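Structure file input.pdb (PDB, C-alpha atoms) is printed below.
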```pdb
ATOM      1  CA  MET A   1       0.000   0.000   0.000  1.00  0.00           C
ATOM      2  CA  ARG A   2       1.195   3.479  -0.839  1.00  0.00           C
ATOM      3  CA  THR A   3       0.676   6.511   1.369  1.00  0.00           C
ATOM      4  CA  LEU A   4      -1.420   8.162  -1.352  1.00  0.00           C
ATOM      5  CA  ASP A   5      -3.892   5.269  -1.098  1.00  0.00           C
ATOM      6  CA  LEU A   6      -5.011   6.798   2.215  1.00  0.00           C
ATOM      7  CA  LEU A   7      -5.480  10.323   0.818  1.00  0.00           C
ATOM      8  CA  PRO A   8      -9.233   9.769   0.238  1.00  0.00           C
ATOM      9  CA  SER A   9      -9.655   9.034   3.953  1.00  0.00           C
ATOM     10  CA  VAL A  10      -7.990  12.332   4.837  1.00  0.00           C
ATOM     11  CA  LEU A  11     -10.066  14.207   2.262  1.00  0.00           C
ATOM     12  CA  ILE A  12     -13.356  12.715   3.456  1.00  0.00           C
ATOM     13  CA  GLY A  13     -12.372  13.725   6.983  1.00  0.00           C
ATOM     14  CA  THR A  14     -12.107  17.296   5.732  1.00  0.00           C
ATOM     15  CA  VAL A  15     -15.577  16.991   4.210  1.00  0.00           C
ATOM     16  CA  ALA A  16     -16.950  15.687   7.523  1.00  0.00           C
ATOM     17  CA  SER A  17     -15.430  18.671   9.312  1.00  0.00           C
ATOM     18  CA  ALA A  18     -17.865  21.004   7.570  1.00  0.00           C
ATOM     19  CA  ARG A  19     -20.895  18.747   6.992  1.00  0.00           C
ATOM     20  CA  SER A  20     -21.034  15.717   9.248  1.00  0.00           C
ATOM     21  CA  MET A  21     -23.544  13.736   7.210  1.00  0.00           C
ATOM     22  CA  THR A  22     -22.198  14.451   3.720  1.00  0.00           C
ATOM     23  CA  PRO A  23     -19.618  11.623   3.739  1.00  0.00           C
ATOM     24  CA  MET A  24     -22.306   9.110   4.671  1.00  0.00           C
ATOM     25  CA  ALA A  25     -24.741  10.492   2.091  1.00  0.00           C
ATOM     26  CA  ALA A  26     -22.060  10.356  -0.634  1.00  0.00           C
ATOM     27  CA  LEU A  27     -21.270   6.745   0.241  1.00  0.00           C
ATOM     28  CA  ALA A  28     -24.984   5.886   0.316  1.00  0.00           C
ATOM     29  CA  GLY A  29     -25.379   7.374  -3.158  1.00  0.00           C
ATOM     30  CA  ALA A  30     -22.464   5.318  -4.453  1.00  0.00           C
ATOM     31  CA  HIS A  31     -23.926   2.203  -2.841  1.00  0.00           C
ATOM     32  CA  LEU A  32     -27.301   2.831  -4.492  1.00  0.00           C
ATOM     33  CA  ALA A  33     -25.489   3.199  -7.824  1.00  0.00           C
ATOM     34  CA  GLY A  34     -23.988  -0.253  -7.306  1.00  0.00           C
ATOM     35  CA  ARG A  35     -20.456   1.004  -6.739  1.00  0.00           C
ATOM     36  CA  GLU A  36     -18.170  -0.738  -4.250  1.00  0.00           C
ATOM     37  CA  THR A  37     -15.733   0.848  -1.849  1.00  0.00           C
ATOM     38  CA  PRO A  38     -12.279  -0.634  -1.291  1.00  0.00           C
ATOM     39  CA  GLY A  39     -12.790  -0.909   2.470  1.00  0.00           C
ATOM     40  CA  ARG A  40     -15.749  -2.453   4.241  1.00  0.00           C
ATOM     41  CA  LEU A  41     -18.878  -0.306   3.931  1.00  0.00           C
ATOM     42  CA  TRP A  42     -19.993  -0.595   7.530  1.00  0.00           C
ATOM     43  CA  LEU A  43     -23.771  -0.257   8.045  1.00  0.00           C
ATOM     44  CA  LEU A  44     -24.474   1.390   4.701  1.00  0.00           C
ATOM     45  CA  GLY A  45     -24.855  -2.000   3.077  1.00  0.00           C
ATOM     46  CA  ARG A  46     -28.275  -2.171   4.706  1.00  0.00           C
ATOM     47  CA  PRO A  47     -31.201  -0.377   2.991  1.00  0.00           C
ATOM     48  CA  LEU A  48     -32.479   1.294   6.165  1.00  0.00           C
ATOM     49  CA  PHE A  49     -29.082   2.876   6.871  1.00  0.00           C
ATOM     50  CA  THR A  50     -28.633   3.882   3.229  1.00  0.00           C
ATOM     51  CA  ALA A  51     -31.972   5.706   3.228  1.00  0.00           C
ATOM     52  CA  GLY A  52     -31.238   7.224   6.628  1.00  0.00           C
ATOM     53  CA  ALA A  53     -27.855   8.540   5.467  1.00  0.00           C
ATOM     54  CA  LEU A  54     -29.413  10.234   2.452  1.00  0.00           C
ATOM     55  CA  PHE A  55     -32.232  11.710   4.542  1.00  0.00           C
ATOM     56  CA  MET A  56     -29.869  12.967   7.245  1.00  0.00           C
ATOM     57  CA  GLY A  57     -27.511  14.445   4.647  1.00  0.00           C
ATOM     58  CA  ALA A  58     -30.358  16.453   3.123  1.00  0.00           C
ATOM     59  CA  GLY A  59     -31.700  17.411   6.547  1.00  0.00           C
ATOM     60  CA  GLU A  60     -28.327  18.726   7.654  1.00  0.00           C
ATOM     61  CA  LEU A  61     -28.115  20.972   4.606  1.00  0.00           C
ATOM     62  CA  ALA A  62     -31.497  22.484   5.422  1.00  0.00           C
ATOM     63  CA  GLY A  63     -30.932  22.721   9.172  1.00  0.00           C
ATOM     64  CA  ASP A  64     -27.612  24.492   8.838  1.00  0.00           C
ATOM     65  CA  LYS A  65     -29.345  27.645   7.588  1.00  0.00           C
ATOM     66  CA  MET A  66     -31.465  28.010  10.723  1.00  0.00           C
ATOM     67  CA  LYS A  67     -30.505  30.761  13.154  1.00  0.00           C
ATOM     68  CA  SER A  68     -30.743  28.230  16.001  1.00  0.00           C
ATOM     69  CA  ALA A  69     -28.277  25.790  14.383  1.00  0.00           C
ATOM     70  CA  PRO A  70     -25.487  25.019  16.882  1.00  0.00           C
ATOM     71  CA  ASP A  71     -21.818  25.367  16.004  1.00  0.00           C
ATOM     72  CA  ARG A  72     -20.246  22.261  14.522  1.00  0.00           C
ATOM     73  CA  THR A  73     -17.812  22.139  17.436  1.00  0.00           C
ATOM     74  CA  VAL A  74     -20.378  21.406  20.153  1.00  0.00           C
ATOM     75  CA  PHE A  75     -20.064  17.909  21.627  1.00  0.00           C
ATOM     76  CA  LEU A  76     -22.825  16.280  19.549  1.00  0.00           C
ATOM     77  CA  GLY A  77     -21.581  17.976  16.391  1.00  0.00           C
ATOM     78  CA  LEU A  78     -18.079  16.658  16.937  1.00  0.00           C
ATOM     79  CA  LEU A  79     -19.423  13.220  17.824  1.00  0.00           C
ATOM     80  CA  ALA A  80     -21.351  13.087  14.547  1.00  0.00           C
ATOM     81  CA  ARG A  81     -18.200  14.108  12.676  1.00  0.00           C
ATOM     82  CA  VAL A  82     -16.135  11.439  14.422  1.00  0.00           C
ATOM     83  CA  MET A  83     -18.642   8.712  13.585  1.00  0.00           C
ATOM     84  CA  SER A  84     -19.231   9.774   9.992  1.00  0.00           C
ATOM     85  CA  ALA A  85     -15.566  10.413   9.250  1.00  0.00           C
ATOM     86  CA  GLY A  86     -14.567   7.109  10.830  1.00  0.00           C
ATOM     87  CA  ILE A  87     -17.044   5.054   8.838  1.00  0.00           C
ATOM     88  CA  ALA A  88     -16.327   6.881   5.576  1.00  0.00           C
ATOM     89  CA  GLY A  89     -12.568   6.928   6.113  1.00  0.00           C
ATOM     90  CA  ALA A  90     -12.582   3.174   6.652  1.00  0.00           C
ATOM     91  CA  ALA A  91     -14.749   2.532   3.591  1.00  0.00           C
ATOM     92  CA  LEU A  92     -12.458   4.600   1.358  1.00  0.00           C
ATOM     93  CA  ALA A  93      -9.229   3.040   2.652  1.00  0.00           C
ATOM     94  CA  PRO A  94      -7.648   0.041   0.944  1.00  0.00           C
ATOM     95  CA  ARG A  95      -8.891  -3.347   2.141  1.00  0.00           C
ATOM     96  CA  GLY A  96      -7.008  -4.286   5.278  1.00  0.00           C
ATOM     97  CA  SER A  97      -6.228  -0.648   6.108  1.00  0.00           C
ATOM     98  CA  GLU A  98      -9.700   0.355   7.269  1.00  0.00           C
ATOM     99  CA  ARG A  99      -8.601   1.181  10.817  1.00  0.00           C
ATOM    100  CA  VAL A 100      -5.832   3.441   9.592  1.00  0.00           C
ATOM    101  CA  GLY A 101      -8.237   5.125   7.164  1.00  0.00           C
ATOM    102  CA  ALA A 102     -10.772   5.668   9.942  1.00  0.00           C
ATOM    103  CA  ALA A 103      -8.128   7.119  12.263  1.00  0.00           C
ATOM    104  CA  LEU A 104      -6.839   9.484   9.577  1.00  0.00           C
ATOM    105  CA  ALA A 105     -10.342  10.679   8.718  1.00  0.00           C
ATOM    106  CA  VAL A 106     -11.244  11.302  12.364  1.00  0.00           C
ATOM    107  CA  GLY A 107      -7.871  12.922  13.015  1.00  0.00           C
ATOM    108  CA  THR A 108      -8.579  15.298  10.151  1.00  0.00           C
ATOM    109  CA  ALA A 109     -12.275  15.962  10.843  1.00  0.00           C
ATOM    110  CA  VAL A 110     -11.996  17.160  14.435  1.00  0.00           C
ATOM    111  CA  PRO A 111      -9.339  19.873  14.096  1.00  0.00           C
ATOM    112  CA  MET A 112     -10.651  20.903  10.693  1.00  0.00           C
ATOM    113  CA  ALA A 113     -14.117  21.413  12.238  1.00  0.00           C
ATOM    114  CA  TYR A 114     -12.640  24.355  14.144  1.00  0.00           C
ATOM    115  CA  ALA A 115     -10.927  25.718  11.019  1.00  0.00           C
ATOM    116  CA  THR A 116     -14.020  25.400   8.817  1.00  0.00           C
ATOM    117  CA  LEU A 117     -16.145  26.994  11.550  1.00  0.00           C
ATOM    118  CA  ALA A 118     -13.783  29.967  11.710  1.00  0.00           C
ATOM    119  CA  GLY A 119     -14.007  30.349   7.943  1.00  0.00           C
ATOM    120  CA  ARG A 120     -17.780  30.084   7.991  1.00  0.00           C
ATOM    121  CA  LYS A 121     -18.075  32.717  10.721  1.00  0.00           C
ATOM    122  CA  ARG A 122     -15.926  35.095   8.673  1.00  0.00           C
ATOM    123  CA  ALA A 123     -18.120  34.468   5.638  1.00  0.00           C
ATOM    124  CA  MET A 124     -21.294  34.969   7.704  1.00  0.00           C
ATOM    125  CA  ARG A 125     -20.091  38.420   8.760  1.00  0.00           C
ATOM    126  CA  GLN A 126     -19.479  39.346   5.139  1.00  0.00           C
ATOM    127  CA  ILE A 127     -22.408  37.791   3.269  1.00  0.00           C
ATOM    128  CA  GLY A 128     -24.794  36.410   5.915  1.00  0.00           C
ATOM    129  CA  GLN A 129     -25.736  33.019   7.265  1.00  0.00           C
ATOM    130  CA  THR A 130     -27.863  31.765   4.391  1.00  0.00           C
ATOM    131  CA  HIS A 131     -25.545  32.786   1.552  1.00  0.00           C
ATOM    132  CA  SER A 132     -22.417  31.551   3.307  1.00  0.00           C
ATOM    133  CA  GLY A 133     -24.183  28.283   4.129  1.00  0.00           C
ATOM    134  CA  LEU A 134     -25.313  27.733   0.548  1.00  0.00           C
ATOM    135  CA  ILE A 135     -21.816  28.354  -0.769  1.00  0.00           C
ATOM    136  CA  GLU A 136     -20.313  26.053   1.846  1.00  0.00           C
ATOM    137  CA  ASP A 137     -22.944  23.412   1.024  1.00  0.00           C
ATOM    138  CA  ALA A 138     -22.093  23.525  -2.670  1.00  0.00           C
ATOM    139  CA  LEU A 139     -18.365  23.243  -2.032  1.00  0.00           C
ATOM    140  CA  ILE A 140     -18.617  20.478   0.564  1.00  0.00           C
ATOM    141  CA  VAL A 141     -21.226  18.368  -1.236  1.00  0.00           C
ATOM    142  CA  ALA A 142     -19.198  18.612  -4.446  1.00  0.00           C
ATOM    143  CA  ALA A 143     -16.007  17.686  -2.576  1.00  0.00           C
ATOM    144  CA  GLY A 144     -17.662  14.715  -0.861  1.00  0.00           C
ATOM    145  CA  ALA A 145     -19.155  13.438  -4.107  1.00  0.00           C
ATOM    146  CA  ALA A 146     -15.847  13.917  -5.913  1.00  0.00           C
ATOM    147  CA  VAL A 147     -13.811  12.029  -3.316  1.00  0.00           C
ATOM    148  CA  VAL A 148     -16.224   9.099  -3.261  1.00  0.00           C
ATOM    149  CA  ALA A 149     -16.538   9.056  -7.071  1.00  0.00           C
ATOM    150  CA  TRP A 150     -12.740   9.127  -7.415  1.00  0.00           C
ATOM    151  CA  VAL A 151     -12.324   6.112  -5.142  1.00  0.00           C
ATOM    152  CA  VAL A 152     -15.204   3.976  -6.376  1.00  0.00           C
ATOM    153  CA  GLY A 153     -14.408   4.879  -9.986  1.00  0.00           C
ATOM    154  CA  ARG A 154     -10.961   3.278  -9.642  1.00  0.00           C
ATOM    155  CA  ARG A 155     -12.505  -0.062  -8.693  1.00  0.00           C
TER     156      ARG A 155
END
```

Please render this file's structure as structure tokens.
Amino acid sequence: MRTLDLLPSVLIGTVASARSMTPMAALAGAHLAGRETPGRLWLLGRPLFTAGALFMGAGELAGDKMKSAPDRTVFLGLLARVMSAGIAGAALAPRGSERVGAALAVGTAVPMAYATLAGRKRAMRQIGQTHSGLIEDALIVAAGAAVVAWVVGRR
């Protein structure tokens, strides 16, 4: 295994830092399209979890625009990022390296949650909550889809 083989796990951790459910939703979409991940696709191989991941991904995008939405760095927000990044990082890692992929994704998601929050707050001051959220959504959803498509497309 080459070090670059674990890059998708790091990248999906970055995606999870900004939108906790996007990695799971991207993997669910790939699963529905019949694409396989190199690592074990934990839970998302079951239809109920696949549907739930897609629903929660869409719900997070809508909920983020609410004035009452908590910061991504509150305990439950970080917990969601840890779980999502871990599952996605493992699924995108080479077979046999799932634990390393999960650890890299989680190790990226948590500190990057603080960095992406700081960037979002700056953007909110300049262009408002809704506009900054929509731009962040577009960037993060595209990044998540691209990372997953890159990995499953090589299989």

Exactly which residues make up the result of the PyMOL selection byres ((chain A and resi 17) around 6) on this file, given as a PDB file with C-alpha atoms, in the coordinates of the input?
```
ATOM      1  CA  THR A  14     -12.107  17.296   5.732  1.00  0.00           C
ATOM      2  CA  VAL A  15     -15.577  16.991   4.210  1.00  0.00           C
ATOM      3  CA  ALA A  16     -16.950  15.687   7.523  1.00  0.00           C
ATOM      4  CA  ALA A  18     -17.865  21.004   7.570  1.00  0.00           C
ATOM      5  CA  ARG A  19     -20.895  18.747   6.992  1.00  0.00           C
ATOM      6  CA  ALA A 109     -12.275  15.962  10.843  1.00  0.00           C
ATOM      7  CA  MET A 112     -10.651  20.903  10.693  1.00  0.00           C
ATOM      8  CA  ALA A 113     -14.117  21.413  12.238  1.00  0.00           C
TER       9      ALA A 113
END
```

Residues in the PyMOL selection byres ((chain A and resi 33-37) around 12), expressed as an MDAnalysis selection string: chainID A and resid 8:9 26:32 38:42 44:45 50 87:95 98 147:155

Between CA of Arg122 (chain A) and CA of Gly144 (chain A), distance in Å (one decimal): 22.6 Å

Given the PyMOL selection byres ((chain A and resi 130-132) around 12), the residues it picks as a list of chain:residue names: A:Leu61, A:Ala62, A:Gly63, A:Asp64, A:Lys65, A:Met66, A:Lys67, A:Ala69, A:Thr116, A:Leu117, A:Gly119, A:Arg120, A:Lys121, A:Arg122, A:Ala123, A:Met124, A:Arg125, A:Gln126, A:Ile127, A:Gly128, A:Gln129, A:Gly133, A:Leu134, A:Ile135, A:Glu136, A:Asp137, A:Ala138, A:Leu139

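Interatomic distance, CA of Ser20 (chain A) to CA of Thr3 (chain A): 24.9 Å.
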
Distance in Å - CA of Gly59 (chain A) versus CA of Thr22 (chain A): 10.3 Å

Residue with smallest distance to Ala85 (chain A) - pool A:Leu48, A:Ala142, A:Leu11, A:Leu43, counting all atoms listed in the file: A:Leu11

Grab all the atoms of region 116-133 of chain A that the file lists, wrap them in a box along x, y and z, add 5 Å per side, and give me centre plus edge lengths in Å (one decimal) as AutoDock Vina command-line options.
```
--center_x -20.8 --center_y 32.4 --center_z 6.6 --size_x 24.1 --size_y 23.9 --size_z 20.2
```

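Counting all atoms listed in the file, the residue from A:Gly86, A:Ala145, A:Pro47, A:Leu6 that sits nearest to Ala105 (chain A) is A:Gly86.
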
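With all atoms listed in the file as the basis for measurement, A:Val110 is the residue among A:Met24, A:Val110, A:Met56, A:Ala51 that approaches Phe75 (chain A) most closely.
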
Residue nearest Phe55 (chain A) among A:Val82, A:Leu7, A:Ala25, A:Val74 (counting only C-alpha atoms): A:Ala25
